[in-house]
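First the structure, in the form of structure tokens, and then the observations on it.
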Amino acid sequence: MFIFKSKPPLLRYICVYPKHNLCRTLKTVNPRVRFAPSPTGYLHLGGLRTALYNYLFAKSRGGAFVLRIEDTDQSRKVEGSVDALIQDLEWAGIECDEGPAKGGKYGPYVQSERLHIYQEQIKKLLDNGSAYKCFCTERRLNILRRDAIKSQKIPKYDNRCRNLSQEVIREKMKAGTPYCIRFKLSSDCLFFDDLIFGGIAYDVSINEGDPVLLKSDGYPTYHFANVVDDHLMGVTHVLRGVEWQISTTKHLLIYKAFGWTPPQFGHMPLIVNPDGTKLSKRHSDVRVEDYRNNGIYPLALVNYITLSGGGFDHVPGAGVRLKTMEELAKEFQIDKVSSHPSRLNPDLLEECNRLEIKRQLQDEELTKTIVTKVQKLVTEKYPEENLNISEDHVRNVLNWSTSRLTRIEELASSKFGFLWILPSNTVDVNKEVFEKLINTLEDISMKEFEQNCLKDHLKDFSTKNGIKFPVLMKMMRSALSGLNEGPGVAEMMQLLGKYQSLERIKAVMR
Ligand code: GLU
């Protein structure tokens, strides 16, 4: 951190320097990072990205990943959201080393359980003159705000209580006047090297009055608790969303007032829709829970995030390769995280999920779980039917469907209903032809009851019996699936197996 001698031009941000602190970070070992969500609802894609990149950064360098719950704004707290959050993180494969459920030597990890710590720390700033008591009423602050807006100025506190005499303060305290504690903002233009964006310089006092550190109800504000906790928890790197970048120089001033060495900061860009528009939290798709309920696998989601956010060597034209969590951690490079908005490409999510299904089907244990899942899905979908869901059949279907399926749930859709239940539509078939067909099919050995051989047999049959191949296929498709479209007839027969195929063909003769 350094301070400009003279004020920089009136700009909100000046990003002028390349990332020269990176060399230091690239060599970092055993970093301590944290994910510090507020329990105000569900975990969204943006939050998951922050948690994931912190986790990967820690794991790539033998460091620790800490979960800290920032619940100082009690009015926004949503019951049950901490548990849901921990569950979502675990589902995604992000295990914390320290946190509310896990414990750790820097706890408690929930800010509302650390109020005594903030009370203790604020005394240091009051004693060294960096903070002061402010007795301004809500009414006065509102008037200030209103007047500023009227005269088209930036609404900010006028720092009136900064210079109250000791006597006035004593009197107000004696009278029990409520007060908060504010931080004396200096007009230093602080500079820091953002690990992702490069050099950032900003003079907070241009746009803000002295900020509140401790509210009149004894709760700290986000800024104060965040700085105190990051310091006391030994956090070495703060990786968070770009919306917090504007607050960082304010945090640096607080570190300076305490005489503490600040961590290094890196801010991650916004996540945007494919067309570049802002991702709305209200859009149900961005809730991690919704991805889970929609049949997206955690590793697919995690890979999808990294594909749009960067952080890895990119081999042009190499296509999508699904990486395990260990591979992601090993290959993660903070200097490769992009500072441009991360554009989501939902096609990549689908591709990642397909690859994950394929990966799971190469593992016997995971395959068993999928088989059970399919049996359950199909039974729920067709509770009344006499179903064909033997393990062998489900495995067959799964092997066949890997390149077709994006989600396992699709197997319970009506498109694939023919795989599990007998078709209910009766079709008009040429009984004479079908009689002969049954005989032919019965003669085909189990070994030859396979797509390519079947196709040859059927072609042969159509020629010998003088029935046009497309006509035969139409009748057979209808008998086998009750559908007009779908996979090829021979393919369908291979999937259903000899016994089922014959059963269905015989059924239309009755
Ligand atoms: N509690 C803040 C949030 O909800 C954390 C910001 C930070 O990481 O400093 O995003």
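Here's how to read the names in the structure tokens: chain A, B, ... by the order shown, residue numbers from 1 in each chain, ligand numbers from 1 in the order shown.
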Inset, instruction - Please write out the residues within 9 Å of ligand 1 as a VMD selection string, counting only C-alpha atoms and all ligand atoms. - result: chain A and resid 34 to 40 47 50 68 to 72 222 to 223 226 to 227 230 238 to 241 243 to 244 247 to 248
Closest atom pairs, residues of range 323-358 of chain A within 12 Å of range 90-110 of chain A, only C-alpha atoms, as JSON lines:
```
{"residue": "A:Thr324", "atom": "CA", "partner": "A:Gly93", "partner_atom": "CA", "distance": 10.0}
{"residue": "A:Met325", "atom": "CA", "partner": "A:Gly93", "partner_atom": "CA", "distance": 7.5}
{"residue": "A:Glu326", "atom": "CA", "partner": "A:Gly93", "partner_atom": "CA", "distance": 10.4}
{"residue": "A:Leu328", "atom": "CA", "partner": "A:Gly93", "partner_atom": "CA", "distance": 11.7}
{"residue": "A:Ala329", "atom": "CA", "partner": "A:Ile94", "partner_atom": "CA", "distance": 11.1}
```
So that I have them on file, write out the residues from the current selection with C-alpha atoms, as a compact mmCIF listing (two decimals), in the first residue's frame.
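Resulting contents of result_31.txt:
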```
# COMPACT_ATOMS: atom_id res chain seq x y z
CA THR A 324 -11.75 -33.38 -11.17
CA MET A 325 -11.54 -31.09 -8.16
CA GLU A 326 -7.95 -32.23 -7.58
CA LEU A 328 -8.69 -28.03 -10.93
CA ALA A 329 -6.78 -27.22 -7.75
```
Inset, instruction - Find the spatial neighbours of range 304-309 of chain A, counting only C-alpha atoms, within a cut-off of 10 Å - ignore same-chain residues fewer than 6 positions away - and output them as a ChimeraX atom specification. - result: /A:45-46,48-49,52-53,268-272,298,320-322,328,332,336-353
Inset, instruction - Name all residues at most 7 Å from Tyr132 in chain A (count only C-alpha atoms; drop same-chain ones fewer than 3 positions away) and give them as a ChimeraX atom specification. - result: /A:126,162,181-183
Convert the current residue selection to file output with C-alpha atoms, as a CSV table (one decimal), in the first residue's frame.
```csv
chain,number,residue,atom,x,y,z
A,126,LEU,CA,-11.2,5.4,19.8
A,162,ARG,CA,-15.7,14.6,14.5
A,181,ILE,CA,-19.0,5.0,16.3
A,182,ARG,CA,-17.6,6.4,13.1
A,183,PHE,CA,-14.2,6.2,11.4
```
Inset, instruction - Taking the DSSP assignment computed from this structure's backbone, write out as a VMD selection string all residues of range 35-141 of chain A that belong to strand (DSSP E or B). - result: chain A and resid 35 44 64 to 67 69 98 to 99 103 110 131 to 134
Inset, instruction - Could you check how far CA of Cys189 in chain A sits from CA of Thr261 in chain A, in Å to one decimal? - result: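 Interatomic distance here is 17.4 Å.
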Legend entry - Who sits within 10 Å of range 359-368 of chain A, only C-alpha atoms, same chain under 5 positions skipped, as an MDAnalysis selection string: chainID A and resid 322 353:354 373:374 391 395 398:399 402
Atoms kept (N, CA and C atoms) for selection, written as a compact mmCIF listing (two decimals), in the first residue's frame:
```txt
# COMPACT_ATOMS: atom_id res chain seq x y z
N LEU A 322 -13.42 -32.36 -18.85
CA LEU A 322 -13.91 -32.25 -17.49
C LEU A 322 -12.76 -32.54 -16.52
N ASN A 353 -22.16 -31.58 -18.17
CA ASN A 353 -22.98 -32.60 -17.50
C ASN A 353 -22.94 -33.93 -18.26
N ARG A 354 -22.93 -33.84 -19.60
CA ARG A 354 -22.84 -35.07 -20.40
C ARG A 354 -21.52 -35.78 -20.11
N LYS A 373 -31.01 -44.72 -9.29
CA LYS A 373 -31.70 -43.45 -9.51
C LYS A 373 -32.69 -43.58 -10.68
N VAL A 374 -32.24 -44.24 -11.75
CA VAL A 374 -33.13 -44.40 -12.91
C VAL A 374 -34.33 -45.25 -12.53
N GLU A 391 -31.86 -54.47 -13.65
CA GLU A 391 -30.57 -53.79 -13.63
C GLU A 391 -29.86 -53.90 -14.99
N ARG A 395 -28.74 -50.76 -17.30
CA ARG A 395 -27.32 -50.58 -17.67
C ARG A 395 -27.17 -50.47 -19.19
N LEU A 398 -28.31 -47.14 -20.25
CA LEU A 398 -27.34 -46.10 -19.88
C LEU A 398 -26.16 -46.09 -20.84
N ASN A 399 -25.67 -47.26 -21.19
CA ASN A 399 -24.53 -47.33 -22.11
C ASN A 399 -24.88 -46.75 -23.46
N THR A 402 -25.35 -42.51 -23.31
CA THR A 402 -24.38 -41.52 -22.82
C THR A 402 -24.20 -40.30 -23.73
```
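In terms of minimum interatomic distance to Leu26 in chain A, A:Ser60 ranks closest within A:Ser60, A:Gln119, A:Gln494, A:Asn430, counting only C-alpha atoms.
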Per residue of range 55-147 of chain A within 12 Å of range 202-221 of chain A, note the shortest atom pair and the distance in Å to one decimal, counting only C-alpha atoms, and order the rows by chain and increasing residue number, as a Markdown table.
```
| residue | atom | partner | partner_atom | distance |
| --- | --- | --- | --- | --- |
| A:Glu70 | CA | A:Thr221 | CA | 9.9 |
| A:Asp71 | CA | A:Tyr219 | CA | 9.8 |
| A:Thr72 | CA | A:Tyr219 | CA | 6.3 |
| A:Asp73 | CA | A:Thr221 | CA | 7.7 |
| A:Gln74 | CA | A:Tyr219 | CA | 9.1 |
| A:Ser75 | CA | A:Tyr219 | CA | 11.7 |
| A:Gln111 | CA | A:Pro220 | CA | 9.0 |
| A:Ser112 | CA | A:Tyr219 | CA | 7.8 |
| A:Glu113 | CA | A:Tyr219 | CA | 10.5 |
| A:Arg114 | CA | A:Tyr219 | CA | 9.6 |
| A:Leu115 | CA | A:Tyr219 | CA | 6.7 |
| A:His116 | CA | A:Gly218 | CA | 9.3 |
| A:Ile117 | CA | A:Pro220 | CA | 10.1 |
| A:Tyr118 | CA | A:Pro220 | CA | 6.8 |
| A:Gln119 | CA | A:Gly218 | CA | 7.8 |
| A:Glu120 | CA | A:Leu214 | CA | 11.4 |
| A:Gln121 | CA | A:Leu214 | CA | 10.6 |
| A:Ile122 | CA | A:Leu214 | CA | 7.9 |
| A:Lys123 | CA | A:Leu214 | CA | 10.9 |
| A:Leu125 | CA | A:Leu213 | CA | 10.1 |
| A:Leu126 | CA | A:Leu213 | CA | 11.0 |
| A:Ser130 | CA | A:Asp210 | CA | 10.6 |
| A:Ala131 | CA | A:Leu213 | CA | 8.3 |
| A:Tyr132 | CA | A:Val212 | CA | 9.5 |
| A:Lys133 | CA | A:Leu214 | CA | 9.4 |
| A:Cys134 | CA | A:Val212 | CA | 8.8 |
| A:Phe135 | CA | A:Ser216 | CA | 9.3 |
| A:Cys136 | CA | A:Ser216 | CA | 10.8 |
| A:Thr137 | CA | A:Ser216 | CA | 10.6 |
| A:Glu138 | CA | A:Ser216 | CA | 11.0 |
| A:Leu141 | CA | A:Gly209 | CA | 11.3 |
| A:Leu144 | CA | A:Gly209 | CA | 11.3 |
| A:Arg145 | CA | A:Gly209 | CA | 11.3 |
```
